[in-house]
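Read through the structure below, which is laid out as structure tokens, and then see the notes.
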Amino acid sequence: MSDSHHLDLLRQMLRIRRFEERCAQLYQAEKIRGFLHLYIGEEGVAVGVIGSLLPDDAVVATYREHGHALARGMDPGAVMAEMYGKMEGCSRGRGGSMHLFDASRRFYGGNAIVGGGLPLAVGLALADRLRDQPRVTAVFFGEGAVAEGEFHESMNLAALWNLPVLFCCENNLYAMGTALERSESQTRLTLKAASYEMPAWEVDGMDVLAVEDAARKAIESVRSGGGPHFLEMRTFRFRAHSMFDPELYRSKEEVEVWKERDPIELFTRRLITDGGLTEDDLATMESDVAEEIEAAVAFAEAGTWEPVEELTRFVYSEVVPS
Amino acid sequence: MSDSHHLDLLRQMLRIRRFEERCAQLYQAEKIRGFLHLYIGEEGVAVGVIGSLLPDDAVVATYREHGHALARGMDPGAVMAEMYGKMEGCSRGRGGSMHLFDASRRFYGGNAIVGGGLPLAVGLALADRLRDQPRVTAVFFGEGAVAEGEFHESMNLAALWNLPVLFCCENNLYAMGTALERSESQTRLTLKAASYEMPAWEVDGMDVLAVEDAARKAIESVRSGGGPHFLEMRTFRFRAHSMFDPELYRSKEEVEVWKERDPIELFTRRLITDGGLTEDDLATMESDVAEEIEAAVAFAEAGTWEPVEELTRFVYSEVVPS
Amino acid sequence: MTSLATPTRTITYREAMRESMSDAMRNDPRVFLMGEDVGRYGGCYAVSKGMLEEFGPDRVRDTPLSEAAFVGAGIGAALAGLRPIVEVMTVNFSLLALDQIVNTAALYSHMSGGQFNVPIVIRMTTGAGRQLGAQHSHSLEVWYAHVPGLKVVTPATVEDARWMLPTALEDPDPVIIFEHAALYNSEGDLPEQGAPVDLDRAVVRRPGPDVGLITYGGSLPKTLAAATELAEEGISAQVLDLRSLRPLDTEAILTTAASTHRIVIVDEGWKTAGISAEIAASIAEGAIWELDAPIRRVCSVEVPIPYARHMEDAALPQTAGIVAAARELVGR
Amino acid sequence: MTSLATPTRTITYREAMRESMSDAMRNDPRVFLMGEDVGRYGGCYAVSKGMLEEFGPDRVRDTPLSEAAFVGAGIGAALAGLRPIVEVMTVNFSLLALDQIVNTAALYSHMSGGQFNVPIVIRMTTGAGRQLGAQHSHSLEVWYAHVPGLKVVTPATVEDARWMLPTALEDPDPVIIFEHAALYNSEGDLPEQGAPVDLDRAVVRRPGPDVGLITYGGSLPKTLAAATELAEEGISAQVLDLRSLRPLDTEAILTTAASTHRIVIVDEGWKTAGISAEIAASIAEGAIWELDAPIRRVCSVEVPIPYARHMEDAALPQTAGIVAAARELVGR
Ligand SMILES: Cc1ncc(C[n+]2csc(CCOP(=O)(O)OP(=O)(O)O)c2C)c(N)n1
Ligand SMILES: Cc1ncc(C[n+]2csc(CCOP(=O)(O)OP(=O)(O)O)c2C)c(N)n1
Ligand SMILES: [Mg+2]
Ligand SMILES: [Mg+2]
């Protein structure tokens, strides 16, 4: 793997991190409202997986999806404008943080129902299967979703029909305040996949290269007809569940221990040690990213409010596709 | 195990068989209406499991539950009257074949939603757990239910909370016309249980002694705090799914092969060979059973129709329990 | 010596539905059918019988018992450009798929600012009357009719059974088709040369100035029978078949109210907060001064539907009850 | 020198609800609370904060994300004689538990000929107004209000938040409590000596002869604000708080209609086939000749609720819209 590719991975993670740090500020400033779920600490997962997809593949994500949207190449300005509720937002301001969409990149959202995106992903893959298109659908979900019936039904359907789905479980150990061991009787999640005869690997989600490596192998297998695969990415969210969460359910120490495995810091140190990155490079990267984000904020600020008269548009489609 | 116990097992199976054969006739005669799902071929399962429960244990069954009701000691007259729609029926004629109930025997029905009884069973067991009552809840369901989300959520909850539930999967290989291999990507159903860290055994459902043996061990473990257990009973329904099913999806040969493993014939032959049963005993047993069933039919025939004025009773409870 | 009358043929509702699906699948490779036992079993109500043989297991796709997942998969396939017909065996089991239908199918277009649309058709059997007991006898059309983003139709004639589906498949948005189980065996004459019909207009099935009977779906035959009985007594009833519950054809409802001044609404759903309430409300909003009598609703009694025949009959709307309500309104 | 006025204290809706639950759990060992994040997290809306510490994890039971199973487990525990309070985080997720609520809880008593009863209380947050987007802003109370076997209440005041629950727990049948998210922070005065209140009667929150405003739950504050505005213009509006959606207090509705002759119904649910329709229908059936003007409904616009503040505001009923509708009816 080339150095430039490594730098790109780092840049992607950094963009997400800085973007979300800015989101948190903007939430305090009441520019962003509603629920805001930060991905900080988990960036390696979205970057490693989504970077390994082809442009024509599909992505289905959750309400914690800023990282996925950016990794998929969505314009940070359009994403930020969405969170501002502006018409220039990627969902016209109607979705907000939890409902980012981009049809042109086959980014199917942004789903605020835990587990709700999984059946959808199965259907996208079914369509590819029926049309013999060698495309992959990557669906992201938290470990909390594993307790939902929709997860199991979807796993079975995908495996039974040998559909090209990549199930990406982001195991950050908590579902809101519920720790995995209070949510699953068997916490080795790959065993769930095994019970559907689906190949499943445990991956260090704090190591972007490990994620990328696993994702590439899995995606290749999925694409070439190997059926669905399941990746359990072990990671951690450094911040609260949402902006309303007082984090009563875990200790500061637990968070601190995980922060020592910050995917961005780890990877930065590694690149510096390996000589692929200098402190100067990093500074440049940071300032590039900062610039991009400020541009996104400026874009959102300059955005306009959708006229109220348009409220009833798009409840039903305006154009009948042929 | 005593001879008399063996004879009793045989008698229980025979009662169910003859009862249902009579039901089929009464359906043709339009005395029974609605859906009628026969258990013929699967009697060893209900008899082996339910015979191993204590009176204070609970049973939750499906729409294919005549066998379970009879095995639980419900009066065949009340069951038959129910299918006639008479007020003397075990559910006052309101339930019909799919909704047999008996509070006095903790028989919680009769549920026509595939998988619908499973959460209920978890709740019954939770109540026992919270009150420290050493009771067991046995819940029956077909292998088709294993694809339902409610199955998985219930398995996880029971295992996570270590609840006294015995999960009894009646794997008769078909869910209506859908064969197991077209319903599950992984047909070894005990692996589902394993993915919840729940002990699970495969049992020959055509051998009532094997069922009984497994049930006793499992029930003992469940009752003594060993948490939920899962039994996969391999069996076969000899008749159509319901009275409307033309059985397009399987061959006569397949059914014939399974009929050679008829649990009643197998067990009869075994008892005769072992000397525990003579042809005469059998004839007496048959005529006792026939008499009991004719009495049940006569009871149903003599039953009365609930007055239409009572239609709105019991939508809400009539007595406020303290 | 050609006949001037349009040539017709007699066909059952079930056959009409099957022909409609098969035809759509022959004409459009994007169309496929998916649901529990639609294939090898031939469909729980034998609607899709024989279709597996013609179209193969990829396009007549048996699913496991997983209502949420296969309905959701239909939504995904529709998003990806296919035209799935998803059969949920009955409305009773659709409760397990409601999350997908409401939170995904109905919302995706609006929530994404119009980027996506979900051209799915979901068919389900509805209704009571066959002694199937409380869990198998729901009529929950009204729940779906409440939800923006969905369209809800209730074919009650063989013509609608035959010709609503192609329109539904052309529709870019989710369409729910409710088929009342009691209609499958009903027969009717179908013109040899049919064409797709609209999904949003009510139709007067029988004209008459004395009283308006507004209904849909499985209650249409009972309501027409009531009109026939009323005619024998000299009361000429108008029968309006709603056909679509979302959108509701409010204009047609108001026209019936304005032309008959007396309205009986017949609906197998429970009365409280049923679709009958919406019909009454539209009239109370839009044509209240036209009424010469209070609105009457003939609905199911508010009980879970019992098994015993006589009790079930008593729970459901029946012709006699419709006749009595109409008679009362016209003061006889 | 004792005061004759009943001593009161100021309390939030959230605190009232919490006090109510804690009190019930102290008084009755059969009562327990179960749901997602009710324990360690303290409740998604902080309603149960601190309760885990007092009652321990057995009685303040965190559940996995398994709405169908834990609601069904609550039903089972109720059948077995306990008194579970099951919290479904929001009505949006209750779609995943509907099968259990409708096909089990609501039917078991009738279907078993009265052998069983299900004394469960299910609480859920409902409503929009916090920019949570389409999937988190439903108001589906009407669906539940349609189902025989259920009771549905909508506490809108701190008193009802405090005192409806004990009555619900005494009730032998399933009771659904809808708590509008916008109410949790609202404050009110609670008499020091309170007592359980009924679950089935509407209450006139403000008397007035000129126009009747009928509402419930989260729309009550907006409606009272509208009445205040109207009073400034010399229009004296009566505000009826339904409190219970099943049973509906039809008598009170008809009394309001008969005493004001002009009715505006305010409901955050979508208009078509909403609970507003049932209220209008009852009036059209029972008090039509009392009306001096057509019934007006002020409901949510029939769109998925959008995120952007101005669009969400435009989608929901607002005080200005209520005032305008009332004004129009009285001809100003
Ligand atoms: C069906 C459903 N139930 C409950 C919620 C409320 N909720 C939102 S996020 C969340 C936790 C999900 O945890 P997990 O799946 O692990 O994802 P994470 O937030 O950790 O990324 C819960 C309970 C929801 N959105 N949907
Ligand atoms: C949720 C739900 N979906 C579909 C049905 C229709 N249905 C009734 S029985 C059945 C097959 C169930 O098969 P299985 O669980 O294996 O039990 P078996 O009938 O073989 O005993 C189906 C599909 C139903 N009753 N409930
Ligand atoms: Mg998590
Ligand atoms: Mg089976």
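In the structure tokens, chains take the letters A, B, ... in the order shown, each chain's residues start at 1, and ligands count up from 1 in the order shown.
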Within 8 Å of ligand 2 (only C-alpha atoms and all ligand atoms), residues as a ChimeraX atom specification: /B:37,39,62-64,112-116,141-146,148,170-178,237,241 /C:36-37,65-67,89-90,92-94,96,136
Residues from last step as file, C-alpha atoms, as a PDB file, in the first residue's frame:
```pdb
ATOM      1  CA  HIS B  37     -54.433 -27.658  12.057  1.00  0.00           C
ATOM      2  CA  TYR B  39     -50.949 -32.544  14.928  1.00  0.00           C
ATOM      3  CA  THR B  62     -49.531 -22.476  18.809  1.00  0.00           C
ATOM      4  CA  TYR B  63     -52.584 -22.847  16.572  1.00  0.00           C
ATOM      5  CA  ARG B  64     -51.646 -26.535  16.215  1.00  0.00           C
ATOM      6  CA  ALA B 112     -52.369 -17.907  15.830  1.00  0.00           C
ATOM      7  CA  ILE B 113     -49.482 -15.524  15.265  1.00  0.00           C
ATOM      8  CA  VAL B 114     -46.375 -17.493  14.385  1.00  0.00           C
ATOM      9  CA  GLY B 115     -43.844 -16.663  17.084  1.00  0.00           C
ATOM     10  CA  GLY B 116     -46.395 -14.609  19.002  1.00  0.00           C
ATOM     11  CA  PHE B 141     -43.384 -23.331  18.231  1.00  0.00           C
ATOM     12  CA  GLY B 142     -42.658 -24.648  14.770  1.00  0.00           C
ATOM     13  CA  GLU B 143     -39.321 -24.478  13.010  1.00  0.00           C
ATOM     14  CA  GLY B 144     -40.894 -21.837  10.761  1.00  0.00           C
ATOM     15  CA  ALA B 145     -41.047 -19.476  13.730  1.00  0.00           C
ATOM     16  CA  VAL B 146     -37.268 -19.525  13.985  1.00  0.00           C
ATOM     17  CA  GLU B 148     -39.272 -14.520  12.997  1.00  0.00           C
ATOM     18  CA  GLU B 170     -41.317 -28.704  16.788  1.00  0.00           C
ATOM     19  CA  ASN B 171     -39.274 -29.132  13.659  1.00  0.00           C
ATOM     20  CA  ASN B 172     -41.666 -30.833  11.263  1.00  0.00           C
ATOM     21  CA  LEU B 173     -39.591 -29.633   8.315  1.00  0.00           C
ATOM     22  CA  TYR B 174     -42.317 -27.489   6.781  1.00  0.00           C
ATOM     23  CA  ALA B 175     -43.904 -24.154   7.514  1.00  0.00           C
ATOM     24  CA  MET B 176     -47.042 -24.382   5.444  1.00  0.00           C
ATOM     25  CA  GLY B 177     -45.412 -25.142   2.079  1.00  0.00           C
ATOM     26  CA  THR B 178     -41.980 -23.815   2.903  1.00  0.00           C
ATOM     27  CA  ARG B 237     -46.886 -33.695  10.212  1.00  0.00           C
ATOM     28  CA  HIS B 241     -51.017 -27.867   7.031  1.00  0.00           C
TER      29      HIS B 241
ATOM     30  CA  GLU C  36     -44.774 -16.313   2.402  1.00  0.00           C
ATOM     31  CA  ASP C  37     -45.844 -19.359   0.442  1.00  0.00           C
ATOM     32  CA  LEU C  65     -41.630 -16.133   8.121  1.00  0.00           C
ATOM     33  CA  SER C  66     -39.968 -12.727   8.459  1.00  0.00           C
ATOM     34  CA  GLU C  67     -42.538 -10.065   7.718  1.00  0.00           C
ATOM     35  CA  MET C  89     -50.346 -13.079   3.821  1.00  0.00           C
ATOM     36  CA  THR C  90     -52.904 -11.147   5.862  1.00  0.00           C
ATOM     37  CA  ASN C  92     -52.984  -9.460  10.835  1.00  0.00           C
ATOM     38  CA  PHE C  93     -49.339 -10.271  10.207  1.00  0.00           C
ATOM     39  CA  SER C  94     -48.625  -6.888   8.697  1.00  0.00           C
ATOM     40  CA  LEU C  96     -44.892  -7.151  12.186  1.00  0.00           C
ATOM     41  CA  HIS C 136     -56.977 -13.598  12.068  1.00  0.00           C
TER      42      HIS C 136
END
```
Neighbours of chain A in chain B at 10 Å, counting only C-alpha atoms, as a ChimeraX atom specification: /B:146-162,181-198
Limited to C-alpha atoms, could you put the picked residues into a file as a PDB file, in the first residue's frame?
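Dumped everything to selection.pdb:
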```pdb
ATOM      1  CA  VAL B 146     -37.268 -19.525  13.985  1.00  0.00           C
ATOM      2  CA  ALA B 147     -37.125 -17.033  11.108  1.00  0.00           C
ATOM      3  CA  GLU B 148     -39.272 -14.520  12.997  1.00  0.00           C
ATOM      4  CA  GLY B 149     -37.651 -11.666  14.864  1.00  0.00           C
ATOM      5  CA  GLU B 150     -39.825 -12.357  17.896  1.00  0.00           C
ATOM      6  CA  PHE B 151     -38.156 -15.742  18.272  1.00  0.00           C
ATOM      7  CA  HIS B 152     -34.690 -14.232  18.439  1.00  0.00           C
ATOM      8  CA  GLU B 153     -35.607 -11.403  20.747  1.00  0.00           C
ATOM      9  CA  SER B 154     -37.263 -13.866  23.093  1.00  0.00           C
ATOM     10  CA  MET B 155     -34.360 -16.305  23.090  1.00  0.00           C
ATOM     11  CA  ASN B 156     -31.943 -13.536  23.939  1.00  0.00           C
ATOM     12  CA  LEU B 157     -34.114 -12.090  26.683  1.00  0.00           C
ATOM     13  CA  ALA B 158     -34.657 -15.463  28.318  1.00  0.00           C
ATOM     14  CA  ALA B 159     -30.973 -16.325  28.207  1.00  0.00           C
ATOM     15  CA  LEU B 160     -29.794 -12.887  29.252  1.00  0.00           C
ATOM     16  CA  TRP B 161     -32.045 -12.894  32.290  1.00  0.00           C
ATOM     17  CA  ASN B 162     -31.591 -16.584  32.993  1.00  0.00           C
ATOM     18  CA  GLU B 181     -33.977 -25.352   3.773  1.00  0.00           C
ATOM     19  CA  ARG B 182     -35.897 -22.597   2.026  1.00  0.00           C
ATOM     20  CA  SER B 183     -36.527 -20.865   5.313  1.00  0.00           C
ATOM     21  CA  GLU B 184     -33.195 -20.986   7.134  1.00  0.00           C
ATOM     22  CA  SER B 185     -29.705 -20.478   5.766  1.00  0.00           C
ATOM     23  CA  GLN B 186     -28.399 -22.676   8.565  1.00  0.00           C
ATOM     24  CA  THR B 187     -30.769 -25.573   9.188  1.00  0.00           C
ATOM     25  CA  ARG B 188     -29.068 -26.849  12.329  1.00  0.00           C
ATOM     26  CA  LEU B 189     -31.396 -25.030  14.638  1.00  0.00           C
ATOM     27  CA  THR B 190     -29.497 -25.764  17.819  1.00  0.00           C
ATOM     28  CA  LEU B 191     -26.839 -23.374  16.550  1.00  0.00           C
ATOM     29  CA  LYS B 192     -29.330 -20.546  16.991  1.00  0.00           C
ATOM     30  CA  ALA B 193     -29.591 -21.462  20.643  1.00  0.00           C
ATOM     31  CA  ALA B 194     -25.829 -21.687  20.898  1.00  0.00           C
ATOM     32  CA  SER B 195     -25.566 -18.131  19.628  1.00  0.00           C
ATOM     33  CA  TYR B 196     -27.456 -17.135  22.774  1.00  0.00           C
ATOM     34  CA  GLU B 197     -25.363 -19.384  24.970  1.00  0.00           C
ATOM     35  CA  MET B 198     -28.404 -21.515  25.618  1.00  0.00           C
TER      36      MET B 198
END
```
At most 7 Å to chain A: residues in chain D, only C-alpha atoms, as a PyMOL selection string: chain D and resi 37+40-41+63-66+130-133+135+303+306-308+311+314
Interface list for chain D, partner chain C, 8 Å threshold, only C-alpha atoms, as a CSV table (one decimal) with N, CA, C and O atoms, in the first residue's frame:
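File produced: iface.csv:
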```csv
chain,number,residue,atom,x,y,z
D,93,PHE,N,-41.1,3.7,18.1
D,93,PHE,CA,-40.6,2.4,18.2
D,93,PHE,C,-41.7,1.4,18.6
D,93,PHE,O,-41.5,0.2,18.5
D,95,LEU,N,-44.1,0.7,17.0
D,95,LEU,CA,-44.5,-0.1,15.8
D,95,LEU,C,-44.0,-1.5,15.9
D,95,LEU,O,-44.6,-2.4,15.4
D,96,LEU,N,-42.8,-1.6,16.5
D,96,LEU,CA,-42.2,-2.9,16.6
D,96,LEU,C,-42.8,-3.8,17.6
D,96,LEU,O,-42.6,-5.0,17.6
D,97,ALA,N,-43.7,-3.2,18.4
D,97,ALA,CA,-44.3,-4.0,19.5
D,97,ALA,C,-45.8,-4.1,19.2
D,97,ALA,O,-46.5,-4.7,20.0
D,98,LEU,N,-46.3,-3.6,18.2
D,98,LEU,CA,-47.7,-3.6,17.9
D,98,LEU,C,-48.4,-4.9,17.9
D,98,LEU,O,-49.5,-5.1,18.3
D,99,ASP,N,-47.6,-5.9,17.3
D,99,ASP,CA,-48.2,-7.2,17.2
D,99,ASP,C,-48.5,-7.7,18.6
D,99,ASP,O,-49.6,-8.2,18.9
D,103,ASN,N,-52.3,-8.1,19.1
D,103,ASN,CA,-52.7,-9.5,18.9
D,103,ASN,C,-52.7,-10.3,20.2
D,103,ASN,O,-53.2,-11.4,20.3
D,107,LEU,N,-56.4,-8.8,23.0
D,107,LEU,CA,-57.4,-9.9,22.7
D,107,LEU,C,-57.5,-11.0,23.7
D,107,LEU,O,-58.5,-11.7,23.7
D,110,HIS,N,-61.0,-11.4,25.9
D,110,HIS,CA,-62.2,-11.8,25.1
D,110,HIS,C,-62.1,-13.2,24.5
D,110,HIS,O,-63.0,-14.0,24.5
D,111,MET,N,-60.9,-13.4,23.9
D,111,MET,CA,-60.7,-14.6,23.1
D,111,MET,C,-60.6,-15.8,24.0
D,111,MET,O,-60.9,-17.0,23.5
D,133,GLY,N,-37.1,15.1,13.4
D,133,GLY,CA,-37.3,14.5,12.0
D,133,GLY,C,-38.4,13.4,12.0
D,133,GLY,O,-39.0,13.1,13.0
D,134,ALA,N,-38.6,13.0,10.7
D,134,ALA,CA,-39.8,12.2,10.4
D,134,ALA,C,-40.0,10.9,11.2
D,134,ALA,O,-41.1,10.5,11.6
D,135,GLN,N,-38.9,10.2,11.4
D,135,GLN,CA,-39.0,8.9,12.1
D,135,GLN,C,-39.1,9.0,13.6
D,135,GLN,O,-39.4,8.0,14.3
D,142,VAL,N,-54.0,7.6,17.8
D,142,VAL,CA,-55.3,7.2,17.2
D,142,VAL,C,-55.3,5.7,16.9
D,142,VAL,O,-56.3,5.0,16.9
D,143,TRP,N,-54.1,5.1,16.5
D,143,TRP,CA,-54.1,3.7,16.2
D,143,TRP,C,-54.5,2.9,17.4
D,143,TRP,O,-55.3,1.9,17.3
D,145,ALA,N,-56.2,4.0,19.9
D,145,ALA,CA,-57.6,4.3,20.3
D,145,ALA,C,-58.6,3.5,19.5
D,145,ALA,O,-59.8,3.4,19.9
D,146,HIS,N,-58.2,2.9,18.4
D,146,HIS,CA,-59.1,2.2,17.5
D,146,HIS,C,-59.3,0.7,18.1
D,146,HIS,O,-60.2,0.1,17.6
D,147,VAL,N,-58.5,0.3,19.0
D,147,VAL,CA,-58.5,-1.1,19.3
D,147,VAL,C,-59.2,-1.5,20.6
D,147,VAL,O,-58.8,-1.1,21.7
D,148,PRO,N,-60.3,-2.3,20.4
D,148,PRO,CA,-61.1,-2.8,21.6
D,148,PRO,C,-60.1,-3.6,22.5
D,148,PRO,O,-59.3,-4.4,21.9
D,149,GLY,N,-60.3,-3.5,23.8
D,149,GLY,CA,-59.4,-4.3,24.7
D,149,GLY,C,-58.3,-3.4,25.3
D,149,GLY,O,-57.8,-3.7,26.3
D,270,TRP,N,-52.0,13.4,12.3
D,270,TRP,CA,-52.4,13.8,10.9
D,270,TRP,C,-53.9,13.8,10.9
D,270,TRP,O,-54.6,13.1,11.6
D,271,LYS,N,-54.5,14.7,10.0
D,271,LYS,CA,-55.9,14.9,10.0
D,271,LYS,C,-56.7,13.7,9.5
D,271,LYS,O,-57.6,13.2,10.2
D,272,THR,N,-56.3,13.2,8.4
D,272,THR,CA,-57.1,12.1,7.8
D,272,THR,C,-57.1,10.8,8.7
D,272,THR,O,-56.0,10.3,9.0
D,273,ALA,N,-58.3,10.4,9.1
D,273,ALA,CA,-58.4,9.3,9.9
D,273,ALA,C,-57.7,9.4,11.3
D,273,ALA,O,-57.3,8.4,11.9
D,274,GLY,N,-57.5,10.6,11.7
D,274,GLY,CA,-57.0,10.9,13.0
D,274,GLY,C,-58.1,10.8,14.1
D,274,GLY,O,-59.3,10.6,13.8
D,275,ILE,N,-57.7,11.0,15.4
D,275,ILE,CA,-58.7,10.9,16.4
D,275,ILE,C,-59.6,12.1,16.2
D,275,ILE,O,-60.8,12.1,16.6
D,277,ALA,N,-61.0,12.9,13.6
D,277,ALA,CA,-62.1,12.4,12.8
D,277,ALA,C,-63.2,11.8,13.6
D,277,ALA,O,-64.4,12.0,13.4
D,278,GLU,N,-62.8,11.0,14.6
D,278,GLU,CA,-63.7,10.3,15.5
D,278,GLU,C,-64.5,11.3,16.3
D,278,GLU,O,-65.7,11.2,16.5
D,280,ALA,N,-65.2,14.4,15.4
D,280,ALA,CA,-66.1,15.0,14.5
D,280,ALA,C,-67.3,14.1,14.2
D,280,ALA,O,-68.5,14.5,14.1
D,281,ALA,N,-67.0,12.8,14.0
D,281,ALA,CA,-68.0,11.8,13.7
D,281,ALA,C,-69.0,11.7,14.8
D,281,ALA,O,-70.2,11.6,14.6
D,284,ALA,N,-71.3,14.5,14.5
D,284,ALA,CA,-72.1,14.4,13.4
D,284,ALA,C,-73.2,13.4,13.6
D,284,ALA,O,-74.3,13.5,13.1
D,285,GLU,N,-73.0,12.4,14.5
D,285,GLU,CA,-74.0,11.4,14.8
D,285,GLU,C,-74.9,11.9,15.9
D,285,GLU,O,-76.1,11.6,15.9
D,286,GLY,N,-74.3,12.6,16.9
D,286,GLY,CA,-75.1,12.8,18.1
D,286,GLY,C,-75.5,14.2,18.4
D,286,GLY,O,-76.3,14.4,19.3
D,288,ILE,N,-75.6,16.9,15.7
D,288,ILE,CA,-75.5,17.6,14.5
D,288,ILE,C,-76.4,18.9,14.5
D,288,ILE,O,-76.0,19.9,13.9
D,294,PRO,N,-69.9,24.5,10.4
D,294,PRO,CA,-69.3,23.2,10.2
D,294,PRO,C,-68.1,23.0,11.2
D,294,PRO,O,-67.6,24.0,11.7
D,295,ILE,N,-67.8,21.8,11.5
D,295,ILE,CA,-66.7,21.5,12.4
D,295,ILE,C,-65.4,21.8,11.7
D,295,ILE,O,-65.3,21.6,10.5
D,296,ARG,N,-64.5,22.3,12.5
D,296,ARG,CA,-63.2,22.6,12.0
D,296,ARG,C,-62.1,21.7,12.7
D,296,ARG,O,-62.2,21.5,13.9
D,302,GLU,N,-50.5,17.0,6.4
D,302,GLU,CA,-50.3,15.5,6.1
D,302,GLU,C,-48.9,15.3,5.4
D,302,GLU,O,-48.9,15.0,4.2
D,303,VAL,N,-47.9,15.5,6.2
D,303,VAL,CA,-46.5,15.3,5.7
D,303,VAL,C,-45.7,14.6,6.8
D,303,VAL,O,-46.1,14.8,8.0
D,304,PRO,N,-44.7,13.8,6.4
D,304,PRO,CA,-43.8,13.4,7.4
D,304,PRO,C,-43.2,14.7,8.1
D,304,PRO,O,-42.9,15.6,7.4
D,306,PRO,N,-40.9,17.4,9.1
D,306,PRO,CA,-39.5,17.7,8.7
D,306,PRO,C,-38.6,18.2,9.8
D,306,PRO,O,-39.2,18.6,10.9
```
Option closest in space to ligand 1, from D:Ala77, D:Ile265, D:Glu15, D:Glu87 [counting only C-alpha atoms and all ligand atoms]: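 Distance minimum relative to ligand 1 lands on D:Glu87.
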Nearest candidate to D:Phe32 (options B:His66, B:Arg106, B:Arg22, B:Arg131; using only C-alpha atoms):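 The answer is B:Arg131, which sits nearest to D:Phe32.
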Atom-to-atom span, atom CA of D:Ala195 and atom CA of D:Val175, Å: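 These atoms are spaced 18.5 Å apart.
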Surrounding residues of A:Val208 excluding itself and chain neighbours under 2 positions, 7 Å, only C-alpha atoms, as a ChimeraX atom specification: /A:44-45,48,205-206,210-212,263
Residues from the last selection, N, CA and C atoms, saved as a short mmCIF file (atom, residue, chain, number, x, y, z; two decimals), in the first residue's frame:
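Dumped everything to selection18.cif:
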```
data_model
loop_
_atom_site.label_atom_id
_atom_site.label_comp_id
_atom_site.auth_asym_id
_atom_site.auth_seq_id
_atom_site.Cartn_x
_atom_site.Cartn_y
_atom_site.Cartn_z
N GLY A 44 -12.24 5.18 12.23
CA GLY A 44 -11.52 4.17 11.48
C GLY A 44 -12.44 3.18 10.78
N VAL A 45 -13.60 2.97 11.36
CA VAL A 45 -14.52 1.98 10.82
C VAL A 45 -15.10 2.46 9.47
N GLY A 48 -12.28 2.92 6.86
CA GLY A 48 -11.71 1.67 6.37
C GLY A 48 -12.66 0.90 5.48
N GLY A 205 -11.48 -2.26 15.39
CA GLY A 205 -12.04 -1.07 14.75
C GLY A 205 -11.26 0.19 15.03
N MET A 206 -10.26 0.13 15.92
CA MET A 206 -9.45 1.30 16.21
C MET A 206 -8.21 1.35 15.30
N ALA A 210 -6.42 -2.40 9.78
CA ALA A 210 -7.06 -3.70 10.03
C ALA A 210 -8.47 -3.71 9.46
N VAL A 211 -9.16 -2.61 9.68
CA VAL A 211 -10.53 -2.51 9.13
C VAL A 211 -10.47 -2.61 7.61
N GLU A 212 -9.57 -1.84 7.03
CA GLU A 212 -9.50 -1.82 5.58
C GLU A 212 -9.16 -3.20 5.03
N PRO A 263 -8.10 6.02 17.15
CA PRO A 263 -7.67 5.53 15.83
C PRO A 263 -6.84 6.56 15.07
#
```
Contact residues around C:Ala324 with only C-alpha atoms at 12 Å, ignoring same-chain residues under 3 positions, as a list in words: Thr223, Ala226, Ala227, Glu229, Leu230, Glu233, Ile235, Val264, Arg296, Arg297, Val298, Pro317, Gln318, Thr319, Ala320, Gly321, Arg327, Glu328, Leu329, Val330, Gly331 and Arg332 of chain C
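Relative to atom CA of D:Ala325, atom CA of D:Ile253 is found at 18.2 Å.
With only C-alpha atoms taken into account, the protein and nucleic acid residues at most 10 Å from A:Met285 (excluding it and anything under 6 positions from it in its own chain) are Leu7, Asp8, Leu10, Arg11, Leu14, Arg15, Glu279 and Glu291 of chain A.
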Helix (DSSP H, G or I) residues, from DSSP on the backbone, in stretch 79-255 of chain D, as number ranges by chain: D: 79, 91-105, 108-111, 134-136, 141-145, 158-170, 181-183, 217-232, 250-255
Stretch 168-304 of chain B: residues DSSP assigns to strand (DSSP E or B), reported as a list of chain:residue names: B:Cys168, B:Cys169, B:Glu170, B:Asn171, B:Tyr174, B:Ala175, B:Thr178, B:Ala179, B:Ala200, B:Trp201, B:Glu202, B:Val203, B:Asp204, B:His229, B:Phe230, B:Leu231, B:Glu232, B:Met233, B:Arg234
